[in-house]
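*Asks:* File name my_file15.cif; file contents mmCIF, C-alpha atoms; full text below.
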```
data_model
loop_
_atom_site.label_atom_id
_atom_site.label_comp_id
_atom_site.auth_asym_id
_atom_site.auth_seq_id
_atom_site.Cartn_x
_atom_site.Cartn_y
_atom_site.Cartn_z
CA MET Q 1 10.94 -24.65 20.68
CA HIS Q 2 14.71 -24.49 21.13
CA LEU Q 3 16.88 -24.78 18.05
CA GLU Q 4 20.55 -25.54 18.57
CA ALA Q 5 22.95 -23.01 17.11
CA ALA Q 6 24.06 -23.66 13.54
CA PRO Q 7 26.91 -22.03 11.64
CA ALA Q 8 25.74 -19.08 9.56
CA ARG Q 9 25.60 -20.01 5.90
CA ASN Q 10 23.83 -18.71 2.82
CA TRP Q 11 22.70 -21.98 1.23
CA PHE Q 12 21.53 -20.21 -1.91
CA ASP Q 13 24.62 -18.13 -2.65
CA GLN Q 14 24.92 -19.99 -5.95
CA GLY Q 15 22.32 -21.48 -8.24
CA GLY Q 16 20.11 -18.43 -8.72
CA GLN Q 17 19.36 -19.42 -12.30
CA ALA Q 18 17.93 -22.79 -11.21
CA TYR Q 19 16.11 -21.13 -8.33
CA ALA Q 20 14.47 -18.66 -10.72
CA ARG Q 21 13.49 -21.43 -13.12
CA PHE Q 22 12.18 -24.07 -10.74
CA ARG Q 23 10.87 -22.36 -7.60
CA PRO Q 24 7.07 -22.09 -7.86
CA GLU Q 25 5.20 -18.79 -8.04
CA TYR Q 26 2.76 -17.94 -5.29
CA PRO Q 27 -0.98 -17.81 -5.96
CA LEU Q 28 -2.02 -14.32 -7.01
CA GLU Q 29 -4.51 -14.26 -4.14
CA LEU Q 30 -1.59 -13.95 -1.72
CA ALA Q 31 -0.34 -10.61 -3.05
CA ARG Q 32 -3.92 -9.30 -3.28
CA PHE Q 33 -4.59 -10.22 0.33
CA LEU Q 34 -1.35 -8.64 1.56
CA ALA Q 35 -2.10 -5.42 -0.30
CA LEU Q 36 -5.54 -5.23 1.27
CA ALA Q 37 -4.09 -5.88 4.73
CA ALA Q 38 -1.48 -3.11 4.41
CA PRO Q 39 -2.43 0.42 5.53
CA GLY Q 40 -1.19 1.95 2.27
CA ARG Q 41 0.33 1.14 -1.11
CA LEU Q 42 3.45 3.31 -1.26
CA LEU Q 43 6.19 0.78 -0.53
CA ALA Q 44 6.44 -2.97 -0.03
CA VAL Q 45 9.77 -4.52 0.99
CA ASP Q 46 10.31 -8.22 0.21
CA VAL Q 47 13.19 -9.50 2.34
CA GLY Q 48 15.10 -12.60 1.28
CA CYS Q 49 13.42 -12.17 -2.08
CA GLY Q 50 15.47 -14.79 -3.92
CA SER Q 51 14.70 -14.53 -7.62
CA GLY Q 52 11.55 -12.49 -7.06
CA GLN Q 53 8.67 -14.99 -7.06
CA LEU Q 54 6.60 -12.89 -4.64
CA THR Q 55 8.34 -9.57 -5.27
CA THR Q 56 7.02 -9.14 -8.79
CA GLN Q 57 3.48 -10.08 -7.75
CA LEU Q 58 3.47 -7.33 -5.14
CA ALA Q 59 4.30 -4.81 -7.86
CA ALA Q 60 0.75 -5.08 -9.19
CA HIS Q 61 -0.51 -3.52 -5.94
CA PHE Q 62 2.17 -1.11 -4.68
CA ASP Q 63 3.68 2.07 -6.08
CA SER Q 64 7.15 0.74 -5.34
CA VAL Q 65 8.52 -2.66 -4.37
CA LEU Q 66 12.02 -3.32 -3.09
CA GLY Q 67 13.42 -6.86 -3.22
CA VAL Q 68 16.30 -7.50 -0.82
CA ASP Q 69 18.55 -10.57 -0.82
CA PRO Q 70 22.10 -11.23 0.42
CA SER Q 71 22.98 -13.30 -2.65
CA GLY Q 72 24.25 -11.45 -5.68
CA ASP Q 73 23.55 -14.54 -7.78
CA GLN Q 74 19.89 -14.49 -6.77
CA ILE Q 75 19.61 -10.77 -7.56
CA LEU Q 76 21.30 -11.30 -10.94
CA ASN Q 77 18.66 -13.89 -11.85
CA ALA Q 78 15.67 -12.11 -10.33
CA ALA Q 79 12.62 -11.47 -12.48
CA VAL Q 80 12.70 -8.01 -14.05
CA HIS Q 81 9.66 -5.82 -13.46
CA ALA Q 82 9.15 -2.10 -14.02
CA GLY Q 83 7.81 -1.57 -10.51
CA VAL Q 84 10.54 -3.53 -8.70
CA GLN Q 85 14.01 -2.57 -7.58
CA TYR Q 86 16.40 -5.21 -6.26
CA VAL Q 87 19.29 -4.66 -3.90
CA ARG Q 88 21.86 -6.95 -2.36
CA ALA Q 89 21.67 -6.65 1.41
CA SER Q 90 21.02 -8.73 4.49
CA ALA Q 91 17.74 -9.02 6.37
CA GLU Q 92 19.51 -7.63 9.41
CA GLN Q 93 20.67 -4.42 7.70
CA LEU Q 94 17.97 -3.25 5.32
CA PRO Q 95 18.72 -0.29 3.00
CA VAL Q 96 15.31 1.26 3.63
CA ALA Q 97 14.42 4.64 5.11
CA ASP Q 98 12.91 4.81 8.59
CA HIS Q 99 9.12 4.39 8.82
CA SER Q 100 8.67 4.22 5.04
CA ALA Q 101 7.25 0.73 4.36
CA GLN Q 102 3.58 -0.22 4.50
CA LEU Q 103 4.25 -3.94 3.93
CA ILE Q 104 7.26 -6.08 4.81
CA THR Q 105 7.34 -9.66 3.59
CA ALA Q 106 9.68 -12.61 3.83
CA ALA Q 107 8.63 -15.57 1.70
CA GLN Q 108 10.31 -18.93 2.37
CA ALA Q 109 13.17 -17.00 3.97
CA ALA Q 110 12.56 -15.96 7.59
CA HIS Q 111 13.90 -19.23 9.02
CA TRP Q 112 17.36 -18.20 7.79
CA PHE Q 113 17.34 -14.78 9.47
CA ASP Q 114 18.83 -13.60 12.74
CA LEU Q 115 15.29 -12.87 13.90
CA PRO Q 116 15.94 -10.41 16.77
CA ARG Q 117 18.07 -8.23 14.48
CA PHE Q 118 15.62 -8.58 11.60
CA TYR Q 119 12.73 -7.60 13.84
CA ASP Q 120 14.64 -4.52 14.96
CA GLU Q 121 14.96 -3.54 11.32
CA VAL Q 122 11.27 -4.24 10.71
CA ARG Q 123 10.32 -1.88 13.53
CA ARG Q 124 12.67 0.76 12.14
CA ILE Q 125 11.39 0.73 8.55
CA ALA Q 126 7.71 0.12 9.29
CA GLY Q 127 5.31 3.01 8.81
CA SER Q 128 2.28 3.47 11.05
CA GLY Q 129 0.12 0.35 10.99
CA ALA Q 130 2.48 -1.49 8.64
CA VAL Q 131 2.01 -5.21 8.19
CA LEU Q 132 4.69 -7.89 8.47
CA ALA Q 133 4.08 -11.23 6.71
CA LEU Q 134 6.36 -14.23 7.16
CA ILE Q 135 5.31 -16.77 4.56
CA SER Q 136 6.32 -20.36 3.98
CA TYR Q 137 5.09 -23.26 1.95
CA GLY Q 138 5.35 -26.71 3.43
CA VAL Q 139 6.17 -30.17 2.16
CA PRO Q 140 4.74 -30.68 -1.34
CA ARG Q 141 2.00 -33.25 -1.81
CA LEU Q 142 1.84 -35.45 -4.90
CA ASP Q 143 -0.52 -38.05 -6.29
CA ALA Q 144 -0.87 -41.00 -3.88
CA GLN Q 145 1.65 -43.45 -5.35
CA LEU Q 146 4.22 -40.75 -6.02
CA ASP Q 147 3.62 -39.21 -2.62
CA ARG Q 148 4.57 -42.40 -0.77
CA ARG Q 149 7.96 -42.54 -2.49
CA PHE Q 150 8.44 -38.81 -2.11
CA SER Q 151 7.63 -38.90 1.62
CA THR Q 152 10.22 -41.61 2.21
CA PHE Q 153 12.80 -39.52 0.39
CA TYR Q 154 11.89 -36.30 2.20
CA TRP Q 155 11.61 -37.55 5.77
CA GLN Q 156 14.05 -40.47 5.85
CA GLU Q 157 16.60 -40.27 3.05
CA ILE Q 158 17.25 -36.56 2.56
CA GLY Q 159 15.90 -35.60 5.98
CA PRO Q 160 19.24 -35.87 7.83
CA PHE Q 161 20.78 -33.38 5.42
CA TRP Q 162 18.37 -30.53 6.13
CA PRO Q 163 19.81 -27.64 8.15
CA VAL Q 164 18.17 -27.36 11.55
CA GLN Q 165 16.20 -24.29 10.45
CA ARG Q 166 14.10 -26.44 8.12
CA ARG Q 167 12.10 -27.68 11.10
CA LEU Q 168 10.48 -24.27 11.26
CA VAL Q 169 9.20 -24.67 7.70
CA ASP Q 170 7.99 -28.22 8.30
CA ASP Q 171 5.99 -26.93 11.28
CA GLY Q 172 4.43 -24.09 9.30
CA TYR Q 173 6.33 -21.42 11.28
CA VAL Q 174 4.17 -22.06 14.36
CA ASP Q 175 7.31 -22.14 16.54
CA LEU Q 176 8.89 -19.08 14.95
CA PRO Q 177 9.19 -16.27 17.51
CA PHE Q 178 6.76 -13.53 16.45
CA PRO Q 179 6.50 -10.58 18.88
CA PHE Q 180 3.80 -8.67 17.01
CA SER Q 181 0.03 -8.30 17.20
CA ALA Q 182 -1.24 -11.26 15.21
CA LEU Q 183 -3.66 -10.86 12.32
CA ALA Q 184 -5.77 -13.59 10.75
CA ALA Q 185 -4.41 -15.10 7.55
CA PRO Q 186 -6.35 -16.92 4.83
CA THR Q 187 -5.94 -20.58 3.94
CA LEU Q 188 -4.09 -20.74 0.63
CA VAL Q 189 -2.57 -23.55 -1.40
CA LEU Q 190 0.07 -23.29 -4.08
CA HIS Q 191 -0.82 -25.48 -7.08
CA LYS Q 192 1.37 -26.50 -10.01
CA ALA Q 193 1.03 -28.98 -12.87
CA TRP Q 194 4.59 -30.14 -13.42
CA ARG Q 195 6.49 -32.54 -15.60
CA LEU Q 196 9.05 -34.86 -14.04
CA ALA Q 197 11.94 -32.54 -14.92
CA ASP Q 198 10.18 -29.61 -13.23
CA LEU Q 199 9.80 -31.46 -9.94
CA LEU Q 200 13.35 -32.80 -9.97
CA GLY Q 201 14.66 -29.34 -10.85
CA TYR Q 202 12.78 -27.89 -7.88
CA ILE Q 203 14.15 -30.57 -5.55
CA ALA Q 204 17.66 -29.80 -6.82
CA THR Q 205 17.34 -26.27 -5.36
CA TRP Q 206 16.93 -27.62 -1.81
CA SER Q 207 19.67 -26.90 0.70
CA ALA Q 208 19.47 -30.54 1.82
CA VAL Q 209 20.28 -31.72 -1.70
CA ARG Q 210 23.24 -29.36 -1.74
CA ARG Q 211 24.43 -30.88 1.52
CA ALA Q 212 23.98 -34.41 0.18
CA HIS Q 213 26.09 -33.52 -2.85
CA GLU Q 214 28.80 -32.12 -0.59
CA ALA Q 215 28.73 -35.30 1.50
CA GLY Q 216 29.18 -37.51 -1.58
CA CYS Q 217 25.75 -39.11 -1.17
CA GLU Q 218 24.80 -39.06 -4.84
CA ALA Q 219 23.35 -42.58 -4.58
CA ILE Q 220 20.46 -41.31 -2.44
CA LEU Q 221 19.59 -38.65 -5.00
CA GLN Q 222 19.98 -40.85 -8.05
CA GLY Q 223 18.03 -43.70 -6.47
CA PHE Q 224 15.12 -41.41 -5.70
CA ALA Q 225 15.16 -39.86 -9.18
CA SER Q 226 15.12 -43.32 -10.79
CA ASP Q 227 12.27 -44.54 -8.60
CA LEU Q 228 10.24 -41.40 -9.21
CA ALA Q 229 10.76 -41.65 -12.97
CA ALA Q 230 9.52 -45.26 -12.97
CA LEU Q 231 6.39 -44.27 -11.05
CA TRP Q 232 5.78 -41.14 -13.10
CA GLY Q 233 5.37 -42.78 -16.50
CA ASP Q 234 5.61 -40.40 -19.46
CA PRO Q 235 8.12 -37.77 -18.25
CA MET Q 236 6.40 -35.15 -20.41
CA GLY Q 237 3.08 -35.80 -18.71
CA THR Q 238 2.12 -33.40 -15.93
CA ARG Q 239 1.21 -34.27 -12.36
CA ALA Q 240 -0.50 -32.12 -9.76
CA ILE Q 241 1.79 -30.75 -7.03
CA ARG Q 242 0.36 -28.92 -4.02
CA TRP Q 243 1.99 -26.97 -1.21
CA PRO Q 244 0.12 -25.63 1.83
CA ILE Q 245 0.95 -21.98 2.45
CA HIS Q 246 1.56 -20.89 6.04
CA MET Q 247 1.76 -17.34 7.25
CA ARG Q 248 2.59 -15.39 10.38
CA LEU Q 249 0.94 -12.02 9.94
CA GLY Q 250 1.23 -9.08 12.27
CA ALA Q 251 0.59 -5.37 12.59
CA LEU Q 252 3.19 -2.89 13.86
#
```
Using the file provided, produce a representation of the structure as C-alpha cells.
*Replies:*
Amino acid sequence: MHLEAAPARNWFDQGGQAYARFRPEYPLELARFLALAAPGRLLAVDVGCGSGQLTTQLAAHFDSVLGVDPSGDQILNAAVHAGVQYVRASAEQLPVADHSAQLITAAQAAHWFDLPRFYDEVRRIAGSGAVLALISYGVPRLDAQLDRRFSTFYWQEIGPFWPVQRRLVDDGYVDLPFPFSALAAPTLVLHKAWRLADLLGYIATWSAVRRAHEAGCEAILQGFASDLAALWGDPMGTRAIRWPIHMRLGAL
C-alpha cells in the first residue's frame, strides 16, 4: 500500500490533559500477554506512550518501564507510576542503551513514525530475542442506533479531515511495513461503559477533529454531538463501547 507523503506534524503536541482523561485503557490481558512473549522482564520501552495508558500496565510485569513521547504536554500529563520513567524523545532517536530492552511497544502510535528510522532504533536497543509489538485499536462500535449515526460521522463527515496515516489504523495495521519474524497475537477487544460526555471527550482528542476545528467546520462537530445526544437519552446513562485491538508482533 502506497501512502502519499504528508508534512510531518505532531497532532498531539497539545491537549495531553484531555488525552489522559479520555483515551481508554487497554485490557489488562494485553500487558500480561506481552510480558509472557518477551524473553525477559528487565526493561520494556513504550514508544509514543502518550499519557501512559499502556506504559503503566507494563510496569506490573517488568522491572523497569520507559515511556517515550515527543510531546512534552503528553509527558506532563502522563500517569505516575513507581515503576515507570518518562522521557521526551522521538521514536527515531530513542534514549535507550544498545541491546537493553526485552520488549518494545508502540500503542496507537506507530502510524505516525518514520518507520525505517524507528526500526533501526528498535534493532539497536533490542536485546536477544526481544519482542516488538505495534498495537492499534480500530473504529469504536456502539449500540446499533448510535452506531449508524457514528459511522456516518466517522466515514463521511469527519473522514476527509483524517491525516493520511489514519488509513493504517482503519486497516488494523495490515499494510504497515513490518520486516520482522511474525509472532501470533491473541484476539482482544477493548471494552468501556461510557457516558455521553466520555465518548464526546474521546472524540475531541482525534487529530481529525483538530483539523476540522482549524478548518472552521464547527457545524459538522456540533451537528454530530446534537444528534448523538438525542439518540443517547439520559446523558448520565452508560453505553457499551467496543474497539477491536490489532497487533503486529515480531521477534528480533
*Asks:* Write out as a PyMOL selection string each polymer residue whose atoms come within 10 Å of Ser90 in chain Q, counting only C-alpha atoms; drop sequence neighbours fewer than 3 positions from it.
*Replies:* chain Q and resi 47-48+68-71+87+93-95+113-114+118
*Asks:* Apply the PyMOL selection byres ((chain Q and resi 132-138) around 10) to the structure shown and report the selected residues as an mmCIF file with C-alpha atoms, in the coordinates of the input.
*Replies:*
```cif
data_model
loop_
_atom_site.group_PDB
_atom_site.id
_atom_site.type_symbol
_atom_site.label_atom_id
_atom_site.label_comp_id
_atom_site.auth_asym_id
_atom_site.auth_seq_id
_atom_site.Cartn_x
_atom_site.Cartn_y
_atom_site.Cartn_z
ATOM 1 C CA TYR Q 26 2.760 -17.940 -5.290
ATOM 2 C CA LEU Q 30 -1.590 -13.950 -1.720
ATOM 3 C CA LEU Q 34 -1.350 -8.640 1.560
ATOM 4 C CA ALA Q 37 -4.090 -5.880 4.730
ATOM 5 C CA ALA Q 38 -1.480 -3.110 4.410
ATOM 6 C CA ALA Q 44 6.440 -2.970 -0.030
ATOM 7 C CA VAL Q 45 9.770 -4.520 0.990
ATOM 8 C CA ASP Q 46 10.310 -8.220 0.210
ATOM 9 C CA VAL Q 47 13.190 -9.500 2.340
ATOM 10 C CA ALA Q 101 7.250 0.730 4.360
ATOM 11 C CA GLN Q 102 3.580 -0.220 4.500
ATOM 12 C CA LEU Q 103 4.250 -3.940 3.930
ATOM 13 C CA ILE Q 104 7.260 -6.080 4.810
ATOM 14 C CA THR Q 105 7.340 -9.660 3.590
ATOM 15 C CA ALA Q 106 9.680 -12.610 3.830
ATOM 16 C CA ALA Q 107 8.630 -15.570 1.700
ATOM 17 C CA GLN Q 108 10.310 -18.930 2.370
ATOM 18 C CA ALA Q 109 13.170 -17.000 3.970
ATOM 19 C CA ALA Q 110 12.560 -15.960 7.590
ATOM 20 C CA HIS Q 111 13.900 -19.230 9.020
ATOM 21 C CA TYR Q 119 12.730 -7.600 13.840
ATOM 22 C CA VAL Q 122 11.270 -4.240 10.710
ATOM 23 C CA ARG Q 123 10.320 -1.880 13.530
ATOM 24 C CA ALA Q 126 7.710 0.120 9.290
ATOM 25 C CA GLY Q 129 0.120 0.350 10.990
ATOM 26 C CA ALA Q 130 2.480 -1.490 8.640
ATOM 27 C CA VAL Q 131 2.010 -5.210 8.190
ATOM 28 C CA VAL Q 139 6.170 -30.170 2.160
ATOM 29 C CA PRO Q 140 4.740 -30.680 -1.340
ATOM 30 C CA ARG Q 141 2.000 -33.250 -1.810
ATOM 31 C CA ARG Q 166 14.100 -26.440 8.120
ATOM 32 C CA LEU Q 168 10.480 -24.270 11.260
ATOM 33 C CA VAL Q 169 9.200 -24.670 7.700
ATOM 34 C CA ASP Q 170 7.990 -28.220 8.300
ATOM 35 C CA ASP Q 171 5.990 -26.930 11.280
ATOM 36 C CA GLY Q 172 4.430 -24.090 9.300
ATOM 37 C CA TYR Q 173 6.330 -21.420 11.280
ATOM 38 C CA LEU Q 176 8.890 -19.080 14.950
ATOM 39 C CA PHE Q 178 6.760 -13.530 16.450
ATOM 40 C CA PHE Q 180 3.800 -8.670 17.010
ATOM 41 C CA SER Q 181 0.030 -8.300 17.200
ATOM 42 C CA ALA Q 182 -1.240 -11.260 15.210
ATOM 43 C CA LEU Q 183 -3.660 -10.860 12.320
ATOM 44 C CA ALA Q 185 -4.410 -15.100 7.550
ATOM 45 C CA LEU Q 188 -4.090 -20.740 0.630
ATOM 46 C CA VAL Q 189 -2.570 -23.550 -1.400
ATOM 47 C CA LEU Q 190 0.070 -23.290 -4.080
ATOM 48 C CA ARG Q 242 0.360 -28.920 -4.020
ATOM 49 C CA TRP Q 243 1.990 -26.970 -1.210
ATOM 50 C CA PRO Q 244 0.120 -25.630 1.830
ATOM 51 C CA ILE Q 245 0.950 -21.980 2.450
ATOM 52 C CA HIS Q 246 1.560 -20.890 6.040
ATOM 53 C CA MET Q 247 1.760 -17.340 7.250
ATOM 54 C CA ARG Q 248 2.590 -15.390 10.380
ATOM 55 C CA LEU Q 249 0.940 -12.020 9.940
ATOM 56 C CA GLY Q 250 1.230 -9.080 12.270
ATOM 57 C CA ALA Q 251 0.590 -5.370 12.590
ATOM 58 C CA LEU Q 252 3.190 -2.890 13.860
#
```
*Asks:* The PyMOL selection byres ((chain Q and resi 142) around 12) - which residues does that actually catch in the file I just gave you? List them as a ChimeraX atom specification.
*Replies:* /Q:139-141,143-151,191-194,196,199,228,231-232,238-243
*Asks:* Using only C-alpha atoms, which residue out of Q:Leu66, Q:Leu54, Q:Ala212, Q:Cys49 lies closest to Pro24 in chain Q?
*Replies:* Q:Leu54
*Asks:* Find the distance between CA of Asp98 in chain Q and CA of Asn77 in chain Q and write it in Å to one decimal.
*Replies:*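 Spanning CA of Asp98 in chain Q to CA of Asn77 in chain Q is a straight-line distance of 28.3 Å.
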*Asks:* Edge lengths and centre in Å to one decimal, as JSON, of the axis-aligned box that encloses all listed atoms of range 23-34 of chain Q with 5 Å added on every side?
*Replies:*
```
{"center_x": 3.1, "center_y": -15.5, "center_z": -3.2, "size_x": 25.5, "size_y": 23.7, "size_z": 19.6}
```
*Asks:* How far is it from CA of Val65 in chain Q to CA of Pro179 in chain Q, in Å with one decimal?
*Replies:* 24.6 Å
*Asks:* Of the candidates Q:Pro186, Q:Gln74, Q:Phe161, Q:Tyr202, which shows the shortest atom-to-atom distance to Gly216 in chain Q, using only C-alpha atoms?
*Replies:* Q:Phe161
*Asks:* Export N, CA and C atoms of range 72-92 of chain Q from the structure just given, as a PDB file, in the first residue's frame?
*Replies:*
```
ATOM      1  N   GLY Q  72       6.026  17.157  25.093  1.00  0.00           N
ATOM      2  CA  GLY Q  72       6.190  17.481  26.496  1.00  0.00           C
ATOM      3  C   GLY Q  72       4.866  17.578  27.226  1.00  0.00           C
ATOM      4  N   ASP Q  73       3.822  17.995  26.535  1.00  0.00           N
ATOM      5  CA  ASP Q  73       2.496  18.099  27.150  1.00  0.00           C
ATOM      6  C   ASP Q  73       1.962  16.721  27.516  1.00  0.00           C
ATOM      7  N   GLN Q  74       2.180  15.741  26.648  1.00  0.00           N
ATOM      8  CA  GLN Q  74       1.764  14.383  26.964  1.00  0.00           C
ATOM      9  C   GLN Q  74       2.538  13.849  28.177  1.00  0.00           C
ATOM     10  N   ILE Q  75       3.835  14.048  28.197  1.00  0.00           N
ATOM     11  CA  ILE Q  75       4.653  13.575  29.312  1.00  0.00           C
ATOM     12  C   ILE Q  75       4.219  14.240  30.615  1.00  0.00           C
ATOM     13  N   LEU Q  76       3.923  15.528  30.565  1.00  0.00           N
ATOM     14  CA  LEU Q  76       3.491  16.262  31.752  1.00  0.00           C
ATOM     15  C   LEU Q  76       2.225  15.667  32.344  1.00  0.00           C
ATOM     16  N   ASN Q  77       1.344  15.151  31.486  1.00  0.00           N
ATOM     17  CA  ASN Q  77       0.062  14.622  31.932  1.00  0.00           C
ATOM     18  C   ASN Q  77       0.036  13.103  32.029  1.00  0.00           C
ATOM     19  N   ALA Q  78       1.189  12.475  31.878  1.00  0.00           N
ATOM     20  CA  ALA Q  78       1.245  11.006  31.911  1.00  0.00           C
ATOM     21  C   ALA Q  78       0.995  10.486  33.324  1.00  0.00           C
ATOM     22  N   ALA Q  79       0.398   9.296  33.378  1.00  0.00           N
ATOM     23  CA  ALA Q  79       0.073   8.670  34.658  1.00  0.00           C
ATOM     24  C   ALA Q  79       1.348   8.330  35.426  1.00  0.00           C
ATOM     25  N   VAL Q  80       1.400   8.747  36.670  1.00  0.00           N
ATOM     26  CA  VAL Q  80       2.570   8.494  37.510  1.00  0.00           C
ATOM     27  C   VAL Q  80       2.522   7.073  38.052  1.00  0.00           C
ATOM     28  N   HIS Q  81       3.657   6.384  37.974  1.00  0.00           N
ATOM     29  CA  HIS Q  81       3.751   5.025  38.496  1.00  0.00           C
ATOM     30  C   HIS Q  81       5.180   4.799  38.967  1.00  0.00           C
ATOM     31  N   ALA Q  82       5.320   4.129  40.113  1.00  0.00           N
ATOM     32  CA  ALA Q  82       6.655   3.947  40.691  1.00  0.00           C
ATOM     33  C   ALA Q  82       7.612   3.212  39.764  1.00  0.00           C
ATOM     34  N   GLY Q  83       7.113   2.329  38.925  1.00  0.00           N
ATOM     35  CA  GLY Q  83       7.976   1.535  38.062  1.00  0.00           C
ATOM     36  C   GLY Q  83       8.189   2.120  36.680  1.00  0.00           C
ATOM     37  N   VAL Q  84       7.715   3.354  36.456  1.00  0.00           N
ATOM     38  CA  VAL Q  84       7.761   3.951  35.118  1.00  0.00           C
ATOM     39  C   VAL Q  84       8.557   5.245  35.139  1.00  0.00           C
ATOM     40  N   GLN Q  85       9.419   5.390  34.156  1.00  0.00           N
ATOM     41  CA  GLN Q  85      10.102   6.656  33.897  1.00  0.00           C
ATOM     42  C   GLN Q  85       9.662   7.152  32.528  1.00  0.00           C
ATOM     43  N   TYR Q  86       9.389   8.446  32.424  1.00  0.00           N
ATOM     44  CA  TYR Q  86       9.005   9.039  31.152  1.00  0.00           C
ATOM     45  C   TYR Q  86      10.108   9.972  30.670  1.00  0.00           C
ATOM     46  N   VAL Q  87      10.264  10.018  29.350  1.00  0.00           N
ATOM     47  CA  VAL Q  87      11.249  10.919  28.772  1.00  0.00           C
ATOM     48  C   VAL Q  87      10.704  11.463  27.456  1.00  0.00           C
ATOM     49  N   ARG Q  88      11.004  12.708  27.210  1.00  0.00           N
ATOM     50  CA  ARG Q  88      10.594  13.330  25.946  1.00  0.00           C
ATOM     51  C   ARG Q  88      11.651  13.053  24.883  1.00  0.00           C
ATOM     52  N   ALA Q  89      11.254  12.315  23.871  1.00  0.00           N
ATOM     53  CA  ALA Q  89      12.169  11.971  22.779  1.00  0.00           C
ATOM     54  C   ALA Q  89      11.351  11.420  21.626  1.00  0.00           C
ATOM     55  N   SER Q  90      11.950  11.391  20.461  1.00  0.00           N
ATOM     56  CA  SER Q  90      11.256  10.882  19.282  1.00  0.00           C
ATOM     57  C   SER Q  90      11.441   9.378  19.146  1.00  0.00           C
ATOM     58  N   ALA Q  91      10.555   8.764  18.379  1.00  0.00           N
ATOM     59  CA  ALA Q  91      10.654   7.330  18.106  1.00  0.00           C
ATOM     60  C   ALA Q  91      11.882   7.006  17.272  1.00  0.00           C
ATOM     61  N   GLU Q  92      12.401   8.001  16.589  1.00  0.00           N
ATOM     62  CA  GLU Q  92      13.530   7.782  15.691  1.00  0.00           C
ATOM     63  C   GLU Q  92      14.884   8.041  16.361  1.00  0.00           C
TER      64      GLU Q  92
END
```
